[in-house]
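data11.txt follows; it contains compact mmCIF, C-alpha atoms.
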```txt
# COMPACT_ATOMS: atom_id res chain seq x y z
CA MET B 1 0.00 0.00 0.00
CA LEU B 2 2.80 2.42 0.92
CA THR B 3 4.52 1.85 -2.41
CA ALA B 4 1.39 2.78 -4.37
CA LEU B 5 0.83 5.76 -2.06
CA LEU B 6 4.31 7.15 -2.75
CA ILE B 7 3.97 6.58 -6.49
CA MET B 8 0.65 8.39 -6.72
CA LEU B 9 1.79 11.16 -4.39
CA ARG B 10 4.69 11.93 -6.73
CA GLU B 11 2.86 11.42 -10.04
CA GLY B 12 -0.34 13.00 -8.74
CA PHE B 13 1.48 16.07 -7.51
CA GLU B 14 3.20 16.54 -10.86
CA ALA B 15 -0.19 16.39 -12.56
CA ALA B 16 -1.71 18.70 -9.92
CA LEU B 17 1.16 21.14 -10.43
CA VAL B 18 0.45 21.23 -14.16
CA VAL B 19 -3.25 21.79 -13.53
CA ALA B 20 -2.54 24.53 -10.97
CA ILE B 21 -0.30 26.43 -13.41
CA VAL B 22 -2.80 26.22 -16.28
CA TYR B 23 -5.70 27.20 -14.01
CA ALA B 24 -3.88 30.16 -12.48
CA TYR B 25 -2.83 31.42 -15.93
CA ILE B 26 -6.36 31.16 -17.33
CA ARG B 27 -7.61 33.20 -14.41
CA ARG B 28 -4.81 35.74 -14.84
CA ILE B 29 -5.65 36.42 -18.49
CA GLY B 30 -9.33 36.79 -17.59
CA ARG B 31 -10.62 33.76 -19.50
CA ARG B 32 -12.66 32.02 -16.84
CA ASP B 33 -14.80 30.53 -19.63
CA LEU B 34 -11.85 28.21 -20.37
CA VAL B 35 -11.88 26.62 -16.90
CA ALA B 36 -14.60 24.11 -17.84
CA PRO B 37 -12.77 22.87 -20.98
CA MET B 38 -9.60 22.54 -18.90
CA TRP B 39 -11.40 20.23 -16.45
CA GLN B 40 -12.93 18.27 -19.34
CA GLY B 41 -9.49 17.69 -20.85
CA MET B 42 -8.17 16.48 -17.50
CA ALA B 43 -11.15 14.17 -17.02
CA ALA B 44 -10.58 12.65 -20.46
CA ALA B 45 -6.89 12.11 -19.65
CA ALA B 46 -7.79 10.44 -16.36
CA ALA B 47 -10.30 8.15 -18.12
CA LEU B 48 -7.68 7.21 -20.72
CA SER B 49 -5.12 6.39 -18.01
CA VAL B 50 -7.54 4.26 -16.01
CA GLY B 51 -8.73 2.46 -19.13
CA ALA B 52 -5.18 1.74 -20.30
CA GLY B 53 -4.19 0.50 -16.85
CA ILE B 54 -7.18 -1.83 -16.61
CA ALA B 55 -6.57 -3.19 -20.13
CA VAL B 56 -2.90 -3.97 -19.45
CA HIS B 57 -3.68 -5.42 -16.01
CA LEU B 58 -6.38 -7.75 -17.36
CA THR B 59 -4.15 -8.81 -20.25
CA VAL B 60 -1.31 -9.76 -17.91
CA GLU B 61 -3.65 -11.46 -15.42
CA ASN B 62 -5.07 -13.73 -18.13
CA LEU B 63 -1.63 -15.11 -18.99
CA THR B 64 -0.26 -18.26 -17.39
CA GLY B 65 3.07 -20.04 -17.12
CA GLU B 66 6.10 -18.71 -18.98
CA PRO B 67 4.21 -15.99 -20.94
CA ARG B 68 2.97 -14.56 -17.62
CA LEU B 69 6.51 -14.45 -16.19
CA LEU B 70 7.84 -12.81 -19.35
CA ALA B 71 5.00 -10.26 -19.24
CA PHE B 72 5.88 -9.45 -15.63
CA ALA B 73 9.52 -9.01 -16.67
CA ALA B 74 8.55 -6.70 -19.55
CA VAL B 75 6.26 -4.56 -17.36
CA SER B 76 8.88 -4.27 -14.63
CA LEU B 77 11.67 -3.33 -17.04
CA LEU B 78 9.53 -0.79 -18.90
CA ALA B 79 8.34 0.74 -15.64
CA ALA B 80 11.93 1.04 -14.37
CA ALA B 81 13.05 2.74 -17.61
CA VAL B 82 10.14 5.20 -17.70
CA LEU B 83 10.44 5.92 -13.98
CA THR B 84 14.16 6.70 -14.28
CA TRP B 85 13.58 8.96 -17.30
CA MET B 86 10.76 10.78 -15.49
CA ILE B 87 12.87 11.46 -12.39
CA PHE B 88 15.67 13.08 -14.38
CA TRP B 89 13.29 14.92 -16.73
CA MET B 90 11.46 16.53 -13.83
CA ARG B 91 14.72 17.58 -12.20
CA ARG B 92 15.84 19.34 -15.40
CA GLN B 93 12.52 20.82 -16.49
CA ALA B 94 10.76 21.76 -13.23
CA HIS B 95 11.95 25.38 -13.34
CA LEU B 96 10.83 25.72 -16.99
CA LEU B 97 7.45 24.05 -16.58
CA ARG B 98 5.44 27.21 -15.89
CA GLY B 99 6.72 29.08 -18.94
CA GLU B 100 6.20 26.08 -21.24
CA LEU B 101 2.60 25.58 -20.14
CA GLN B 102 1.72 29.25 -20.39
CA GLY B 103 3.27 29.35 -23.85
CA SER B 104 1.23 26.30 -24.85
CA VAL B 105 -1.99 27.99 -23.74
CA ASP B 106 -1.08 31.22 -25.55
CA GLN B 107 -0.25 29.36 -28.76
CA ALA B 108 -3.41 27.29 -28.53
CA ILE B 109 -5.50 30.42 -28.13
CA ALA B 110 -3.73 32.16 -31.02
CA ASP B 111 -3.68 29.28 -33.51
CA ARG B 112 -7.10 27.70 -33.20
CA ALA B 113 -10.56 29.03 -33.95
CA ASP B 114 -12.17 26.93 -31.22
CA VAL B 115 -10.33 28.10 -28.12
CA ARG B 116 -12.23 25.74 -25.83
CA ILE B 117 -11.01 22.66 -27.71
CA ALA B 118 -7.49 24.09 -27.79
CA VAL B 119 -7.29 24.52 -24.02
CA MET B 120 -8.94 21.14 -23.53
CA THR B 121 -6.17 19.61 -25.66
CA VAL B 122 -3.43 21.33 -23.68
CA ALA B 123 -4.87 20.06 -20.37
CA PHE B 124 -5.40 16.57 -21.79
CA LEU B 125 -1.84 16.18 -23.06
CA ALA B 126 -0.34 17.64 -19.89
CA VAL B 127 -2.18 15.23 -17.58
CA ALA B 128 -2.25 12.13 -19.80
CA ARG B 129 1.52 11.67 -19.60
CA GLU B 130 1.46 11.58 -15.81
CA GLY B 131 -1.61 9.36 -15.71
CA LEU B 132 -0.24 6.75 -18.13
CA GLU B 133 3.07 6.66 -16.24
CA ALA B 134 1.24 6.20 -12.93
CA ALA B 135 -0.87 3.37 -14.38
CA LEU B 136 2.28 1.57 -15.55
CA PHE B 137 4.01 1.95 -12.17
CA LEU B 138 0.97 0.70 -10.24
CA ILE B 139 0.71 -2.35 -12.50
CA ALA B 140 4.39 -3.08 -11.82
CA ALA B 141 3.80 -2.73 -8.07
CA ALA B 142 0.80 -5.07 -8.29
CA THR B 143 3.01 -7.94 -9.46
CA THR B 144 4.01 -8.51 -5.83
CA GLU B 145 1.38 -6.66 -3.78
CA ASP B 146 -2.33 -7.33 -3.35
CA GLY B 147 -4.43 -5.48 -5.94
CA TRP B 148 -6.75 -3.90 -3.37
CA ALA B 149 -3.81 -2.66 -1.31
CA VAL B 150 -2.34 -1.03 -4.41
CA LEU B 151 -5.70 0.59 -5.23
CA ILE B 152 -6.24 1.95 -1.70
CA GLY B 153 -2.66 3.23 -1.43
CA GLY B 154 -2.94 4.88 -4.84
CA LEU B 155 -6.17 6.65 -3.91
CA ILE B 156 -4.67 7.93 -0.64
CA GLY B 157 -1.60 9.20 -2.49
CA LEU B 158 -3.77 10.86 -5.13
CA ALA B 159 -5.84 12.59 -2.45
CA ALA B 160 -2.67 13.92 -0.77
CA ALA B 161 -1.39 15.12 -4.14
CA ALA B 162 -4.67 16.96 -4.75
CA VAL B 163 -4.28 18.77 -1.42
CA LEU B 164 -0.76 19.87 -2.38
CA GLY B 165 -2.04 21.04 -5.75
CA ALA B 166 -4.77 23.06 -4.03
CA LEU B 167 -2.12 24.78 -1.90
CA VAL B 168 -0.28 25.75 -5.09
CA VAL B 169 -3.49 27.19 -6.58
CA LEU B 170 -4.33 29.13 -3.43
CA GLY B 171 -0.79 30.44 -3.21
CA GLY B 172 -1.11 30.78 0.52
CA ARG B 173 1.91 28.65 1.25
CA ARG B 174 5.21 28.23 -0.53
CA LEU B 175 5.82 24.51 -0.91
CA PRO B 176 9.46 23.35 -0.74
CA MET B 177 9.24 21.80 -4.21
CA ARG B 178 12.97 21.24 -4.69
CA GLN B 179 13.17 19.25 -1.46
CA PHE B 180 9.95 17.41 -2.31
CA PHE B 181 11.20 16.28 -5.71
CA THR B 182 14.62 15.35 -4.33
CA VAL B 183 13.25 13.16 -1.53
CA THR B 184 10.58 11.50 -3.66
CA GLY B 185 13.09 11.11 -6.48
CA LEU B 186 15.44 9.13 -4.23
CA ILE B 187 12.56 6.98 -2.99
CA LEU B 188 11.51 6.23 -6.56
CA ILE B 189 15.10 5.36 -7.52
CA VAL B 190 15.00 2.69 -4.80
CA PHE B 191 11.69 1.48 -6.22
CA ALA B 192 13.14 1.41 -9.76
CA ALA B 193 16.13 -0.60 -8.54
CA GLY B 194 13.68 -3.12 -7.12
CA LEU B 195 11.95 -3.29 -10.51
CA VAL B 196 15.27 -4.05 -12.20
CA SER B 197 15.97 -6.82 -9.67
CA ARG B 198 12.49 -8.27 -10.20
CA THR B 199 13.03 -8.23 -13.96
CA ILE B 200 16.01 -10.53 -13.43
CA LEU B 201 13.89 -12.71 -11.13
CA TRP B 202 11.08 -13.12 -13.68
CA LEU B 203 13.51 -13.87 -16.51
CA GLN B 204 15.29 -16.52 -14.46
CA ALA B 205 11.99 -18.05 -13.35
CA ALA B 206 10.92 -18.23 -17.01
CA GLY B 207 14.16 -19.98 -17.94
CA GLU B 208 15.31 -17.18 -20.22
CA LEU B 209 18.28 -16.21 -18.03
CA GLY B 210 20.68 -18.48 -16.19
CA THR B 211 22.62 -17.93 -12.97
CA VAL B 212 26.14 -18.59 -11.78
CA TRP B 213 25.17 -18.46 -8.08
CA ASN B 214 21.65 -19.03 -6.93
CA ASN B 215 20.53 -18.38 -3.35
CA VAL B 216 23.25 -15.93 -2.33
CA TYR B 217 21.48 -16.04 1.02
CA ASP B 218 18.34 -17.83 2.18
CA LEU B 219 16.04 -16.15 4.70
CA THR B 220 12.90 -18.13 3.90
CA ALA B 221 13.07 -19.59 7.44
CA TYR B 222 11.69 -16.22 8.59
CA PRO B 223 8.07 -16.12 7.35
CA TRP B 224 7.71 -12.35 7.74
CA LEU B 225 10.41 -11.91 5.09
CA THR B 226 8.55 -13.95 2.46
CA VAL B 227 5.83 -12.79 0.07
CA SER B 228 3.28 -14.87 2.01
CA THR B 229 3.08 -12.07 4.61
CA GLU B 230 2.23 -8.36 4.34
CA PRO B 231 5.72 -7.17 5.44
CA GLY B 232 7.28 -9.42 2.82
CA LYS B 233 4.91 -8.15 0.12
CA PHE B 234 5.78 -4.56 1.00
CA LEU B 235 9.52 -5.29 0.91
CA GLY B 236 9.09 -7.00 -2.45
CA ALA B 237 7.07 -4.16 -3.96
CA MET B 238 9.15 -1.32 -2.56
CA PHE B 239 12.68 -2.71 -2.63
CA GLY B 240 12.45 -5.70 -4.96
CA TRP B 241 13.21 -7.87 -1.94
CA ASP B 242 13.74 -11.57 -2.48
CA PRO B 243 14.52 -13.74 0.59
CA ARG B 244 16.48 -16.12 -1.66
CA PRO B 245 18.05 -14.08 -4.50
CA SER B 246 20.54 -14.96 -7.18
CA ILE B 247 23.83 -13.13 -7.54
CA GLU B 248 22.50 -11.53 -10.73
CA GLN B 249 19.57 -10.00 -8.83
CA VAL B 250 21.84 -8.58 -6.13
CA ALA B 251 24.36 -7.23 -8.65
CA ALA B 252 21.69 -5.62 -10.86
CA TYR B 253 20.03 -3.99 -7.83
CA LEU B 254 23.22 -2.51 -6.38
CA LEU B 255 24.64 -1.41 -9.74
CA PHE B 256 21.43 0.40 -10.70
CA LEU B 257 20.86 1.95 -7.26
CA VAL B 258 24.39 3.30 -6.79
CA THR B 259 24.81 4.56 -10.37
CA VAL B 260 21.43 6.26 -10.76
CA ALA B 261 21.45 7.76 -7.23
CA TRP B 262 24.91 9.24 -7.88
CA LEU B 263 23.80 10.72 -11.22
CA PHE B 264 20.65 12.10 -9.60
CA LEU B 265 22.39 13.75 -6.65
CA ARG B 266 25.29 15.30 -8.50
CA THR B 267 24.88 18.91 -9.59
CA PRO B 268 23.89 19.08 -13.28
CA ARG B 269 26.07 21.14 -15.60
CA THR B 270 23.24 23.52 -16.44
CA ALA B 271 22.81 24.35 -12.75
CA ARG B 272 26.55 24.93 -12.25
CA ALA B 273 26.64 27.22 -15.30
```
Rendering of file as structure tokens:
Amino acid sequence: MLTALLIMLREGFEAALVVAIVYAYIRRIGRRDLVAPMWQGMAAAAALSVGAGIAVHLTVENLTGEPRLLAFAAVSLLAAAVLTWMIFWMRRQAHLLRGELQGSVDQAIADRADVRIAVMTVAFLAVAREGLEAALFLIAAATTEDGWAVLIGGLIGLAAAAVLGALVVLGGRRLPMRQFFTVTGLILIVFAAGLVSRTILWLQAAGELGTVWNNVYDLTAYPWLTVSTEPGKFLGAMFGWDPRPSIEQVAAYLLFLVTVAWLFLRTPRTARA
């Protein structure tokens, strides 16, 4: 549940931040008639994200045997790649986001005869990216956690993100966004490292990848560390924990975690300049 909560808090806040900027700009230019199309575009993006998530989830759930394991591996690897890209993209582009969105609204108003559809399109595209990413990450988390726990955690995270977005709209409090994105970015890097480790696990279980040293350690004697218990499910979803991993799982986890965390924490060249 906590894994899904953190995912939706981060993704939901990014979407809420986009909505807050577009909404505030529409109010500033005196076009309150465009608020309704903005909400309609966001609702359509949310429906698309939910629909895509359900379709992928049902497709994977209907598979059995080796195809199911390979599907889990593909979902985990794709989620890790997209998650890593998103973390670095947000770090680079966060300070430019407001200007880009305002420019998009201005261009949409200037270029199209139907301004309502134009603003609806801007809102739809801005939110759809976050929604589709969130759907993919939740599906990846659901490969080791109970589906209802993922759903409840996601809804709680989304509600918290909506509150943060409301604070941005109201402007009554300056949110420490840099610190927020740094902390959540590090948490999501840990989650992505777990996805990479689980990709190795699924591939080895499917027989597509061998091992030179299986069972580097074996902690299955402790039930609370296995996926049969809630603590074990959380450790598996959040950290890619395996009580009996192969050396390839351990190596992939540590290599990804150390490398990506170092790249994330170092000062980018643009910032130094």
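When atom CA of Ala126 of chain B is paired with atom CA of Val19 of chain B, their separation reads 8.1 Å.
One distance worth recording is that between atom CA of Arg198 of chain B and atom CA of Gly51 of chain B, which is 25.4 Å.
For Gln102 of chain B, the non-local neighbours within 8 Å, defined as residues at least 6 positions apart in the same chain or in other chains and counting only C-alpha atoms, are Ile21, Val22 and Tyr25 of chain B.
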Inset, instruction - Would you list the contacts of Ala159 of chain B as a ChimeraX atom specification, taking every protein, DNA or RNA residue within 12 Å and counting only C-alpha atoms, but skipping same-chain residues closer than 2 positions in sequence? - result: /B:5-6,8-13,16,152-157,161-166
Inset, instruction - Identify which of the residues B:Ile200, B:Ala128, B:Val115, B:Ala221 lies closest to Ala252 of chain B, counting only C-alpha atoms when measuring atom-to-atom distances. - result: B:Ile200
Legend entry - Nearest-residue call for Ala15 of chain B, choices B:Met42, B:Val56, B:Val122, B:Ala79, using only C-alpha atoms: B:Met42
Legend entry - Who sits within 10 Å of Ala71 of chain B, all atoms listed in the file, same chain under 4 positions skipped, as a ChimeraX atom specification: /B:59-61,63-64,66-67,75-77,199,202-203
Legend entry - Among listed residues B:Ala134, B:Val216, B:Val227, B:Ala73, nearest Gln204 of chain B (using only C-alpha atoms): B:Ala73
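One finds atom CA of Leu132 of chain B at 4.9 Å from atom CA of Ser49 of chain B.
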Legend entry - Ser197 of chain B surroundings by only C-alpha atoms, 8 Å radius, close-in-sequence under 2 positions cut, as a ChimeraX atom specification: /B:193-195,199-201,240,249-250,252-253
